[in-house]
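Below: run_29.cif (mmCIF, C-alpha atoms)
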data_input
loop_
_atom_site.label_atom_id
_atom_site.label_comp_id
_atom_site.auth_asym_id
_atom_site.auth_seq_id
_atom_site.Cartn_x
_atom_site.Cartn_y
_atom_site.Cartn_z
CA MET A 439 -5.55 9.28 19.29
CA MET A 440 -2.67 10.14 21.59
CA LYS A 441 -3.10 6.94 23.59
CA TYR A 442 -2.12 4.70 20.67
CA LEU A 443 0.90 6.90 20.02
CA MET A 444 2.00 6.40 23.63
CA MET A 445 1.38 2.68 23.35
CA MET A 446 3.74 2.42 20.36
CA ILE A 447 6.42 4.56 22.00
CA PHE A 448 6.34 2.35 25.09
CA MET A 449 6.53 -0.77 22.92
CA MET A 450 10.00 0.29 21.75
CA PRO A 451 11.89 -0.83 24.90
CA MET A 452 10.33 -4.29 24.43
CA CYS A 453 12.55 -4.73 21.37
CA LEU A 454 15.66 -4.52 23.53
CA LYS A 455 14.67 -7.54 25.60
CA TYR A 456 15.51 -11.06 24.54
CA ASN A 457 12.81 -13.31 23.02
CA MET A 458 10.14 -10.65 22.52
CA PHE A 459 9.36 -11.41 18.87
CA TRP A 460 5.85 -12.81 19.29
CA MET A 461 5.07 -10.50 22.19
CA VAL A 462 5.46 -7.44 19.95
CA GLN A 463 3.24 -9.11 17.37
CA PHE A 464 0.62 -9.82 20.01
CA MET A 465 0.73 -6.19 21.18
CA PHE A 466 0.01 -5.01 17.63
CA MET A 467 -2.93 -7.37 17.45
CA PHE A 468 -4.20 -6.07 20.78
CA MET A 469 -3.82 -2.51 19.54
CA MET A 470 -5.73 -3.40 16.39
CA PHE A 471 -8.76 -4.59 18.38
CA MET A 472 -8.65 -1.55 20.65
CA PHE A 473 -8.55 0.72 17.61
CA MET A 474 -11.41 -1.16 15.96
CA ASN A 475 -13.63 -0.55 18.98
CA MET A 476 -13.04 3.19 18.95
CA SER A 477 -16.02 5.50 18.50
CA VAL A 478 -16.34 6.55 14.87
CA SER A 479 -18.11 9.53 13.30
CA ILE A 480 -18.85 9.07 9.63
CA MET A 481 -19.08 12.72 8.64
CA ASN A 482 -16.48 14.64 10.65
CA PHE A 483 -13.10 14.32 12.30
CA PHE A 484 -13.31 12.48 15.60
CA ASN A 485 -11.14 11.53 18.59
CA LEU A 486 -9.27 14.82 18.50
CA SER A 487 -6.29 15.14 20.82
CA TYR A 488 -3.60 17.80 20.42
CA MET A 489 -2.84 17.95 16.68
CA LEU A 490 -4.07 14.41 16.05
CA GLY A 491 -7.49 13.31 14.92
CA CYS A 492 -8.97 11.11 12.26
CA ASP A 493 -11.88 10.94 9.92
CA MET A 494 -13.23 7.97 7.99
CA ILE A 495 -10.37 7.92 5.44
CA SER A 496 -7.60 8.02 8.04
CA TYR A 497 -9.45 5.52 10.21
CA GLY A 498 -9.54 2.84 7.51
CA LEU A 499 -5.92 3.40 6.55
CA ILE A 500 -4.65 3.32 10.15
CA LEU A 501 -6.56 0.06 10.68
CA LEU A 502 -4.92 -1.34 7.56
CA SER A 503 -1.48 -0.19 8.76
CA ILE A 504 -1.78 -1.88 12.15
CA TRP A 505 -3.13 -5.06 10.57
CA ILE A 506 -0.34 -5.27 7.99
CA THR A 507 2.35 -4.50 10.60
CA PHE A 508 1.03 -7.36 12.71
CA LEU A 509 1.16 -9.67 9.66
CA MET A 510 4.67 -8.46 8.70
CA ILE A 511 6.07 -9.74 11.97
CA MET A 512 4.20 -12.99 11.42
CA ALA A 513 5.71 -13.38 7.94
CA SER A 514 9.27 -12.70 9.10
CA GLU A 515 9.62 -15.92 11.09
CA SER A 516 12.88 -16.79 9.29
CA LEU A 517 14.55 -13.75 10.89
CA ASN A 518 13.46 -14.98 14.30
CA LYS A 519 14.67 -18.50 13.54
CA ASN A 520 18.09 -17.39 12.29
CA ASN A 521 18.32 -14.67 14.96
CA PHE A 522 19.19 -12.17 12.23
CA PHE A 523 19.28 -8.82 14.11
CA LYS A 524 15.69 -9.45 15.12
CA ASN A 525 15.61 -6.86 17.91
CA LEU A 526 16.72 -4.13 15.53
CA PHE A 527 14.16 -5.40 13.04
CA LEU A 528 11.34 -5.09 15.58
CA PHE A 529 12.49 -1.60 16.53
CA ASN A 530 12.48 -0.65 12.87
CA ILE A 531 8.95 -1.96 12.37
CA ILE A 532 7.57 -0.18 15.43
CA PHE A 533 9.23 3.06 14.32
CA LEU A 534 7.77 2.64 10.83
CA MET A 535 4.31 2.02 12.27
CA LEU A 536 4.69 5.12 14.44
CA MET A 537 5.49 7.23 11.38
CA LEU A 538 2.56 5.81 9.39
CA TYR A 539 0.17 6.29 12.29
CA LEU A 540 1.22 9.91 12.65
CA THR A 541 1.03 10.52 8.89
CA PHE A 542 -2.56 9.34 8.71
CA SER A 543 -3.74 10.93 11.95
CA THR A 544 -2.07 14.34 12.00
CA MET A 545 -4.21 17.32 11.04
CA ASN A 546 -1.35 19.75 10.51
CA LEU A 547 -0.17 19.93 6.91
CA PHE A 548 3.51 20.45 7.70
CA LEU A 549 3.57 17.58 10.19
CA PHE A 550 1.87 15.44 7.57
CA TYR A 551 4.78 16.21 5.23
CA LEU A 552 7.32 15.50 7.97
CA PHE A 553 5.95 12.06 8.81
CA PHE A 554 5.24 11.30 5.14
CA GLU A 555 8.98 11.69 4.51
CA GLY A 556 9.90 10.09 7.84
CA SER A 557 8.27 6.80 6.84
CA LEU A 558 10.85 6.59 4.05
CA ILE A 559 13.79 6.11 6.45
CA PRO A 560 12.70 2.85 8.16
CA THR A 561 11.63 1.44 4.77
CA LEU A 562 15.08 2.21 3.41
CA MET A 563 16.60 0.53 6.48
CA LEU A 564 14.47 -2.56 5.87
CA ILE A 565 15.55 -2.81 2.22
CA ILE A 566 19.25 -2.16 2.82
CA GLY A 567 19.54 -4.08 6.08
CA TRP A 568 17.43 -7.18 5.44
CA GLY A 569 17.26 -7.35 1.62
CA TYR A 570 18.52 -10.36 -0.33
CA GLN A 571 20.89 -9.24 -3.11
CA PRO A 572 23.70 -6.67 -3.37
CA GLU A 573 21.52 -4.68 -5.83
CA ARG A 574 19.43 -3.58 -2.85
CA ILE A 575 21.70 -0.53 -2.45
CA GLN A 576 20.71 0.64 -5.93
CA ALA A 577 17.03 -0.07 -5.18
CA GLY A 578 17.31 1.96 -1.97
CA MET A 579 18.84 4.86 -3.89
CA TYR A 580 16.03 4.75 -6.49
CA LEU A 581 13.43 4.81 -3.74
CA LEU A 582 15.14 7.66 -1.89
CA PHE A 583 15.87 9.94 -4.82
CA TYR A 584 12.57 9.49 -6.65
CA THR A 585 10.67 10.35 -3.47
CA LEU A 586 12.93 13.20 -2.34
CA PHE A 587 13.13 14.79 -5.78
CA ALA A 588 9.34 15.01 -5.93
CA SER A 589 8.85 15.95 -2.28
CA LEU A 590 10.89 19.15 -2.04
CA PRO A 591 8.45 21.12 -4.24
CA LEU A 592 5.68 19.81 -1.95
CA LEU A 593 7.44 21.38 1.03
CA MET A 594 7.72 24.69 -0.83
CA GLY A 595 4.02 24.48 -1.70
CA ILE A 596 3.08 23.87 1.93
CA PHE A 597 5.14 26.89 3.03
CA TYR A 598 3.39 29.01 0.41
CA ILE A 599 -0.01 27.89 1.72
CA TYR A 600 1.09 28.77 5.25
CA LYS A 601 2.20 32.24 4.07
CA GLU A 602 -1.18 32.83 2.43
CA MET A 603 -3.51 31.33 5.04
CA ASN A 604 -1.53 31.60 8.30
CA PHE A 605 -2.72 28.17 9.46
CA MET A 606 -2.17 24.59 8.47
CA ILE A 607 -5.13 22.61 9.77
CA MET A 608 -6.35 20.34 6.96
CA TYR A 609 -10.00 20.58 7.91
CA MET A 610 -10.08 24.37 7.47
CA MET A 611 -8.60 24.21 3.98
CA LYS A 612 -11.90 23.37 2.38
CA PHE A 613 -12.73 27.10 2.46
CA TYR A 614 -9.86 27.88 0.07
CA ASP A 615 -9.34 27.20 -3.61
CA TYR A 616 -6.06 28.10 -5.32
CA ASN A 617 -5.74 28.80 -9.02
CA LEU A 618 -1.93 28.65 -9.37
CA ILE A 619 -0.33 26.23 -11.80
CA MET A 620 3.06 25.92 -10.04
CA LEU A 621 1.41 25.34 -6.67
CA TYR A 622 -0.83 22.71 -8.25
CA LEU A 623 2.10 20.82 -9.78
CA SER A 624 4.24 21.00 -6.66
CA LEU A 625 1.45 19.73 -4.38
CA ILE A 626 0.32 16.93 -6.70
CA PHE A 627 3.58 15.55 -8.08
CA ALA A 628 4.99 14.15 -4.83
CA PHE A 629 1.91 11.99 -4.37
CA LEU A 630 1.85 10.87 -8.00
CA VAL A 631 5.41 9.56 -7.60
CA LYS A 632 4.43 7.80 -4.39
CA MET A 633 1.34 6.17 -5.94
CA PRO A 634 3.25 5.54 -8.39
CA MET A 635 1.96 6.92 -11.67
CA TYR A 636 3.24 5.44 -14.94
CA PHE A 637 6.48 7.25 -16.01
CA VAL A 638 7.60 7.69 -12.41
CA HIS A 639 7.00 4.10 -11.34
CA LEU A 640 10.49 2.72 -11.89
CA TRP A 641 11.49 2.71 -8.23
CA LEU A 642 8.62 0.41 -7.25
CA PRO A 643 9.55 -2.88 -9.00
CA LYS A 644 13.18 -2.38 -8.00
CA ALA A 645 12.37 -1.73 -4.34
CA HIS A 646 9.94 -4.67 -4.22
CA VAL A 647 12.31 -7.18 -5.77
CA GLU A 648 15.16 -6.27 -3.42
CA ALA A 649 13.12 -5.83 -0.22
CA PRO A 650 12.65 -8.61 2.34
CA ILE A 651 9.10 -9.95 2.73
CA SER A 652 8.22 -7.45 5.46
CA GLY A 653 9.50 -4.57 3.32
CA SER A 654 7.48 -5.74 0.33
CA MET A 655 4.33 -6.08 2.40
CA ILE A 656 4.54 -2.61 3.92
CA LEU A 657 5.54 -1.04 0.58
CA ALA A 658 2.64 -2.60 -1.31
CA ALA A 659 0.04 -2.24 1.41
CA ILE A 660 0.74 1.16 2.97
CA MET A 661 3.42 3.16 1.17
CA LEU A 662 1.42 3.35 -2.07
CA LYS A 663 -1.63 4.40 -0.08
CA LEU A 664 0.21 7.42 1.32
CA GLY A 665 0.11 8.85 -2.20
CA GLY A 666 -3.63 8.27 -2.53
CA TYR A 667 -4.29 9.71 0.92
CA GLY A 668 -2.22 12.81 0.12
CA LEU A 669 -4.11 13.34 -3.16
CA LEU A 670 -7.47 13.02 -1.36
CA ARG A 671 -6.38 15.74 1.06
CA MET A 672 -4.76 18.05 -1.50
CA LEU A 673 -7.44 18.01 -4.19
CA MET A 674 -9.69 19.73 -1.67
CA ILE A 675 -7.84 23.04 -2.14
CA LEU A 676 -7.04 22.60 -5.84
CA GLN A 677 -10.48 22.05 -7.31
CA LYS A 678 -10.47 24.84 -9.90
CA MET A 679 -7.04 23.88 -11.22
CA ASN A 680 -7.87 20.22 -11.28
CA LEU A 681 -10.95 20.77 -13.42
CA SER A 682 -8.74 22.15 -16.19
CA TRP A 683 -5.75 19.83 -15.80
CA SER A 684 -7.12 16.52 -14.59
CA TYR A 685 -7.42 15.03 -18.08
CA ILE A 686 -3.60 14.85 -18.35
CA TRP A 687 -3.28 12.63 -15.26
CA VAL A 688 -6.30 10.51 -16.14
CA VAL A 689 -5.05 9.83 -19.66
CA MET A 690 -1.49 9.16 -18.50
CA SER A 691 -2.58 6.76 -15.78
CA LEU A 692 -5.07 4.87 -17.95
CA ILE A 693 -2.69 4.37 -20.88
CA GLY A 694 0.10 3.61 -18.39
CA GLY A 695 -2.08 1.05 -16.63
CA PHE A 696 -2.64 -0.68 -19.95
CA PHE A 697 1.08 -0.74 -20.81
CA ILE A 698 1.98 -2.00 -17.35
CA SER A 699 -0.62 -4.77 -17.65
CA LEU A 700 1.11 -5.92 -20.84
CA LYS A 701 4.48 -5.66 -19.14
CA CYS A 702 3.27 -8.07 -16.44
CA PHE A 703 3.21 -10.84 -19.06
CA CYS A 704 6.94 -10.31 -19.71
CA GLN A 705 8.02 -10.85 -16.10
CA ILE A 706 9.79 -13.99 -14.94
CA ASP A 707 10.31 -12.84 -11.36
CA MET A 708 7.22 -13.48 -9.22
CA LYS A 709 7.73 -10.44 -7.00
CA SER A 710 8.32 -8.21 -10.01
CA LEU A 711 5.05 -9.33 -11.58
CA ILE A 712 3.10 -8.61 -8.39
CA ALA A 713 4.81 -5.20 -8.11
CA TYR A 714 3.85 -4.27 -11.67
CA SER A 715 0.28 -5.40 -11.04
CA SER A 716 0.22 -2.92 -8.12
CA VAL A 717 1.11 -0.12 -10.53
CA ALA A 718 -1.75 -1.17 -12.82
CA HIS A 719 -4.27 -1.12 -9.96
CA MET A 720 -3.01 2.20 -8.62
CA SER A 721 -3.38 3.74 -12.09
CA LEU A 722 -7.14 3.17 -11.76
CA VAL A 723 -7.06 4.87 -8.36
CA ILE A 724 -5.29 7.93 -9.80
CA GLY A 725 -7.85 8.08 -12.61
CA GLY A 726 -10.77 7.86 -10.17
CA LEU A 727 -9.35 10.53 -7.87
CA MET A 728 -8.62 12.94 -10.69
CA THR A 729 -12.17 12.81 -12.06
CA MET A 730 -13.12 14.42 -8.73
CA ASN A 731 -16.58 12.94 -8.50
CA TYR A 732 -18.25 11.09 -5.66
CA TRP A 733 -17.89 7.59 -7.11
CA GLY A 734 -14.22 8.18 -7.86
CA PHE A 735 -13.36 9.21 -4.31
CA LEU A 736 -15.26 6.30 -2.78
CA GLY A 737 -13.91 3.75 -5.24
CA SER A 738 -10.32 4.90 -4.79
CA TYR A 739 -10.62 4.54 -1.02
CA ILE A 740 -12.14 1.05 -1.23
CA LEU A 741 -9.64 -0.14 -3.84
CA MET A 742 -6.75 1.19 -1.75
CA ILE A 743 -7.82 -0.88 1.24
CA GLY A 744 -8.62 -3.93 -0.90
CA HIS A 745 -5.36 -3.74 -2.81
CA GLY A 746 -3.42 -3.33 0.44
CA LEU A 747 -4.66 -6.67 1.75
CA CYS A 748 -4.58 -8.50 -1.57
CA SER A 749 -1.13 -7.40 -2.72
CA SER A 750 0.39 -8.04 0.68
CA GLY A 751 -1.04 -11.57 0.68
CA MET A 752 0.41 -12.24 -2.77
CA PHE A 753 3.86 -11.15 -1.61
CA CYS A 754 3.48 -13.55 1.33
CA LEU A 755 2.74 -16.37 -1.11
CA SER A 756 5.77 -15.60 -3.26
CA ASN A 757 7.91 -15.48 -0.12
CA ILE A 758 6.62 -18.88 1.02
CA ASN A 759 7.86 -20.30 -2.28
CA TYR A 760 11.12 -18.36 -2.00
CA GLU A 761 11.83 -19.85 1.44
CA ARG A 762 11.37 -23.35 0.03
CA LEU A 763 13.26 -23.03 -3.26
CA ASN A 764 15.54 -20.01 -2.71
CA SER A 765 14.40 -18.58 -6.02
CA ARG A 766 11.72 -16.21 -7.24
CA SER A 767 12.05 -17.25 -10.87
CA MET A 768 8.88 -18.62 -12.41
CA PHE A 769 10.92 -21.20 -14.34
CA ILE A 770 11.94 -22.80 -11.06
CA ASN A 771 8.67 -22.25 -9.16
CA LYS A 772 6.68 -24.61 -11.38
CA GLY A 773 4.27 -27.37 -10.52
CA MET A 774 3.85 -26.29 -6.91
CA MET A 775 0.52 -28.09 -6.81
CA ASN A 776 2.43 -31.36 -6.56
CA PHE A 777 4.15 -30.24 -3.37
CA MET A 778 1.62 -28.05 -1.61
CA PRO A 779 -1.91 -28.70 -2.86
CA SER A 780 -3.53 -26.76 -0.02
CA MET A 781 -1.26 -23.76 -0.63
CA SER A 782 -2.53 -23.86 -4.20
CA LEU A 783 -6.00 -23.02 -2.90
CA TRP A 784 -4.67 -19.88 -1.22
CA TRP A 785 -2.86 -18.92 -4.41
CA PHE A 786 -6.15 -19.23 -6.24
CA LEU A 787 -8.16 -17.28 -3.67
CA LEU A 788 -5.74 -14.34 -3.58
CA MET A 789 -5.31 -14.33 -7.35
CA SER A 790 -9.08 -14.25 -7.82
CA SER A 791 -9.27 -11.27 -5.43
CA ASN A 792 -6.49 -9.59 -7.41
CA MET A 793 -8.46 -9.87 -10.63
CA ALA A 794 -11.43 -8.30 -8.80
CA ALA A 795 -13.69 -11.32 -8.47
CA PRO A 796 -16.62 -11.10 -6.05
CA PRO A 797 -16.93 -10.82 -3.08
CA SER A 798 -13.62 -8.97 -2.68
CA LEU A 799 -13.23 -5.27 -1.89
CA ASN A 800 -11.29 -4.94 -5.16
CA LEU A 801 -14.47 -5.64 -7.13
CA MET A 802 -16.43 -3.01 -5.24
CA GLY A 803 -13.65 -0.47 -5.72
CA GLU A 804 -13.16 -1.20 -9.41
CA ILE A 805 -16.89 -0.98 -10.15
CA SER A 806 -17.01 2.45 -8.48
CA LEU A 807 -13.88 3.61 -10.31
CA ILE A 808 -15.14 2.38 -13.69
CA ASN A 809 -18.42 4.18 -12.96
CA SER A 810 -16.61 7.42 -12.21
CA LEU A 811 -14.25 7.25 -15.21
CA VAL A 812 -17.00 6.38 -17.69
CA SER A 813 -19.15 9.25 -16.39
CA TRP A 814 -16.13 11.53 -16.90
CA SER A 815 -15.57 10.44 -20.49
CA TRP A 816 -17.07 7.72 -22.60
CA TRP A 817 -13.72 7.07 -24.35
CA SER A 818 -12.09 5.85 -21.15
CA MET A 819 -14.16 2.68 -21.64
CA ILE A 820 -11.58 1.35 -24.10
CA MET A 821 -8.63 1.50 -21.72
CA LEU A 822 -10.72 0.34 -18.74
CA MET A 823 -11.80 -2.68 -20.73
CA MET A 824 -8.18 -3.52 -21.55
CA ILE A 825 -6.96 -3.01 -17.99
CA SER A 826 -9.73 -5.19 -16.52
CA PHE A 827 -9.20 -7.93 -19.07
CA PHE A 828 -5.42 -8.05 -18.74
CA SER A 829 -5.68 -7.83 -14.97
CA ALA A 830 -7.48 -11.19 -15.02
CA GLY A 831 -4.97 -12.33 -17.65
CA TYR A 832 -1.78 -11.81 -15.69
CA SER A 833 -3.34 -13.08 -12.46
CA LEU A 834 -4.21 -16.37 -14.19
CA TYR A 835 -0.82 -16.37 -15.91
CA LEU A 836 0.98 -16.18 -12.56
CA TYR A 837 -1.30 -18.81 -11.03
CA SER A 838 -1.06 -21.35 -13.84
CA PHE A 839 2.68 -20.82 -14.30
CA THR A 840 3.51 -21.43 -10.64
CA GLN A 841 0.95 -24.09 -9.75
CA HIS A 842 0.64 -26.25 -12.86
CA GLY A 843 3.20 -27.90 -15.09
CA LYS A 844 6.09 -30.26 -14.48
CA TYR A 845 7.95 -29.55 -11.27
CA ASN A 846 11.64 -28.77 -11.22
CA MET A 847 13.80 -31.92 -10.92
CA SER A 848 16.59 -30.15 -9.05
CA ILE A 849 14.50 -29.82 -5.86
CA TYR A 850 15.95 -32.28 -3.38
CA SER A 851 14.46 -31.25 -0.03
CA PHE A 852 11.09 -29.72 0.61
CA TYR A 853 8.62 -29.09 3.40
CA SER A 854 4.94 -28.32 3.23
CA GLY A 855 3.14 -25.19 4.45
CA THR A 856 3.14 -24.52 8.20
CA SER A 857 0.10 -23.50 10.22
CA ARG A 858 1.63 -20.02 10.73
CA GLU A 859 1.67 -19.49 6.97
CA TYR A 860 -1.90 -20.66 6.47
CA LEU A 861 -3.09 -18.43 9.31
CA MET A 862 -1.20 -15.49 7.81
CA LEU A 863 -2.86 -16.01 4.42
CA MET A 864 -6.25 -16.38 6.01
CA LEU A 865 -5.79 -13.11 7.88
CA HIS A 866 -5.13 -11.42 4.54
CA TRP A 867 -7.97 -13.01 2.65
CA LEU A 868 -10.74 -12.94 5.27
CA PRO A 869 -10.89 -9.16 5.88
CA LEU A 870 -10.57 -8.59 2.13
CA ASN A 871 -13.80 -10.50 1.51
CA ILE A 872 -15.68 -10.00 4.77
CA LEU A 873 -15.39 -6.18 4.70
CA VAL A 874 -17.77 -6.15 1.73
CA MET A 875 -20.50 -6.80 4.29
CA LYS A 876 -19.72 -3.42 5.90
CA ILE A 877 -19.24 -1.49 2.69
CA ASP A 878 -21.63 1.21 3.94
CA TYR A 879 -18.85 2.68 6.10
CA SER A 880 -16.70 3.14 3.01
CA MET A 881 -19.53 4.51 0.92
CA ILE A 882 -20.77 7.49 2.93
CA TRP A 883 -17.77 9.23 4.40
CA PHE A 884 -18.34 12.72 3.08
#
If you convert what's in this file into structure tokens, what do you get?
Amino acid sequence: MMKYLMMMIFMMPMCLKYNMFWMVQFMFMFMMFMFMNMSVSIMNFFNLSYMLGCDMISYGLILLSIWITFLMIMASESLNKNNFFKNLFLFNIIFLMLMLYLTFSTMNLFLFYLFFEGSLIPTLMLIIGWGYQPERIQAGMYLLFYTLFASLPLLMGIFYIYKEMNFMIMYMMKFYDYNLIMLYLSLIFAFLVKMPMYFVHLWLPKAHVEAPISGSMILAAIMLKLGGYGLLRMLMILQKMNLSWSYIWVVMSLIGGFFISLKCFCQIDMKSLIAYSSVAHMSLVIGGLMTMNYWGFLGSYILMIGHGLCSSGMFCLSNINYERLNSRSMFINKGMMNFMPSMSLWWFLLMSSNMAAPPSLNLMGEISLINSLVSWSWWSMIMLMMISFFSAGYSLYLYSFTQHGKYNMSIYSFYSGTSREYLMLMLHWLPLNILVMKIDYSMIWF
């Protein structure tokens, strides 16, 4: 695991050289294929080196991180074209990837916290430095304070665990089970804010709307998954407590997911709608994790990976329209089928994956999550039914609103999709649907 860390550290000087934009992207792709060919053990931690190592969960999420980072650079061509602090931008992205890599691969609980918080800084830089409107300062503040407010109790909780156990290796924690309410809340809450759970989700739509395309992609694809990953790790030592308290989180997330699905129909900003749909999907993940059964853990993992690819691809699509029309409003982005018929196909494919149509990973994940939640309580059927139905509803709403209808007369210059954009969308959609063939790796990891 240390070798990839070194590779990323030595990629940093490349940012200082002139004209290295595509070279950095190529290096990430190269790293992706090296990481894919690594030896994998399904049951245990593998590739241990110093305090780094990974098991099946970390492996999938690191793969997703490298893949999305590679696609972020691909999507940010306009920065390269306008020469808009592109070297600093590349440095920022490599630093962010470094933090994410270390978060997922470290086995020490305190270091996990450190890198979990460290990934916030480059994201903040991306939003404030390369965002579009002056409101991005406010969005950055929301992101920072929501996360920090919830994370300080987590740090206290980790110190308490260290005082009790005298070690911090995650793998060894499965021998412990704490029955302390304050510890439970402090360890869980930080990750619920990061997921985000309904009631503490307000930072997400703001951050997404103000972030540049690369910021939106990494936020949707990886930042939300940090919360899920943290919950997977923490619930291991909080099983007794969670059996008595889990119903609160399940009920909150399911009802919240339903409300958020309705809220999606009220959005006129494309990015905002996609951001709210992320909250709805993540509410299912929280529900599945909190039931603490086998199906729930598997389904949450699969849906996290599927949603990472799908949501990121949808942000790419909205950005492609934004670069043409300089607006994200759905009143202006109408009748796009007249201008870019082939882009319309990609809109349809990614929207269908978002509403969990086969053969996407989202379908596999949602089936497992529905299975786990219904086995937990029969009544959850009602909310699950609503969430699934409205999920298809707002996906079709976004598709038909942007692609059909009479196009805006004020458009006076326009250019069609470029091969870079089509390739980028294909690299989102293909893994999302091809990985179903290898679902066995996601289904037997503990």
Selection result for the PyMOL selection byres ((chain A and resi 671) around 12) on this file, as a ChimeraX atom specification: /A:493,495-496,541-542,544-547,550-551,607-612,625-626,629,664-670,672-677,727,730,735
Reference answer for the PyMOL selection byres ((chain A and resi 509) around 9), as an MDAnalysis selection string: chainID A and resid 463 504:508 510:514 652 655 862 865:866
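One distance worth recording is that between CA of Ser815 in chain A and CA of Asn680 in chain A, which is 15.5 Å.
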Output check: residues returned by the PyMOL selection byres ((chain A and resi 566-568) around 10), as a list in words: Leu517, Phe522, Phe523, Leu526, Phe527, Pro560, Thr561, Leu562, Met563, Leu564, Ile565, Gly569, Tyr570, Gln571, Pro572, Glu573, Arg574, Ile575, Gln576, Ala577, Gly578, Met579, Ala645, Glu648, Ala649, Pro650, Ile651, Ser652 and Gly653 of chain A
Non-local contacts of range 719-723 of chain A (6 Å; only C-alpha atoms; under 5 positions in same chain excluded) as a PyMOL selection string: chain A and resi 691+695+738
Residues near Tyr879 in chain A, cut-off 12 Å, all atoms listed in the file, skip fewer than 2 positions along chain, as a list in words: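 Result of the neighbour search: Val478, Ser479, Ile480, Met481, Asp493, Met494, Ile495, Tyr497, Gly498, Leu736, Tyr739, Ile740, Leu873, Val874, Met875, Lys876, Ile877, Met881, Ile882, Trp883 and Phe884 of chain A.
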Contacts of Leu763 in chain A within 9 Å, all atoms listed in the file, excl. fewer than 4 positions in-chain, as a ChimeraX atom specification: /A:758-759,770-771,849,851-852
With range 703-711 of chain A as the partner and 7 Å as the cut-off, tabulate the residues of range 590-685 of chain A that qualify, each row holding the nearest pair of atoms and their distance in Å to one decimal, using all atoms listed in the file, sorted by chain and rising number, as JSON lines.
{"residue": "A:Pro643", "atom": "CA", "partner": "A:Ser710", "partner_atom": "CA", "distance": 5.6}
{"residue": "A:His646", "atom": "CA", "partner": "A:Lys709", "partner_atom": "CA", "distance": 6.8}
{"residue": "A:Val647", "atom": "CA", "partner": "A:Lys709", "partner_atom": "CA", "distance": 5.8}
CA of Thr729 in chain A to CA of Trp814 in chain A, straight-line distance in Å: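 These atoms are spaced 6.4 Å apart.
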Selected residue of minimal separation from Phe828 in chain A among A:Phe786, A:Asn757, A:Gln841, A:Lys701, counting all atoms listed in the file: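 Among A:Phe786, A:Asn757, A:Gln841, A:Lys701, it is A:Lys701 that comes nearest to Phe828 in chain A.
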Nearest residue to Ala830 in chain A from the set A:Ser780, A:Ser684, A:Ser715, A:Ser798 (distances using only C-alpha atoms): A:Ser715
Between CA of Leu582 in chain A and CA of Met594 in chain A - distance in Å to one decimal: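 Pair CA of Met594 in chain A / CA of Leu582 in chain A returns 18.6 Å.
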Among listed residues A:Thr856, A:Asp615, A:Leu486, A:Leu692, nearest Trp817 in chain A (using only C-alpha atoms):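 Once distances to Trp817 in chain A are computed over only C-alpha atoms, the minimum belongs to A:Leu692.
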Spatial neighbours of range 744-749 of chain A, 10 Å, all atoms listed in the file, chain gap at least 4 places, as a ChimeraX atom specification: /A:499,502-503,505-506,654-663,712-713,715-716,719-720,738-740,753-755,787-794,798-803,863,865-871,873-874
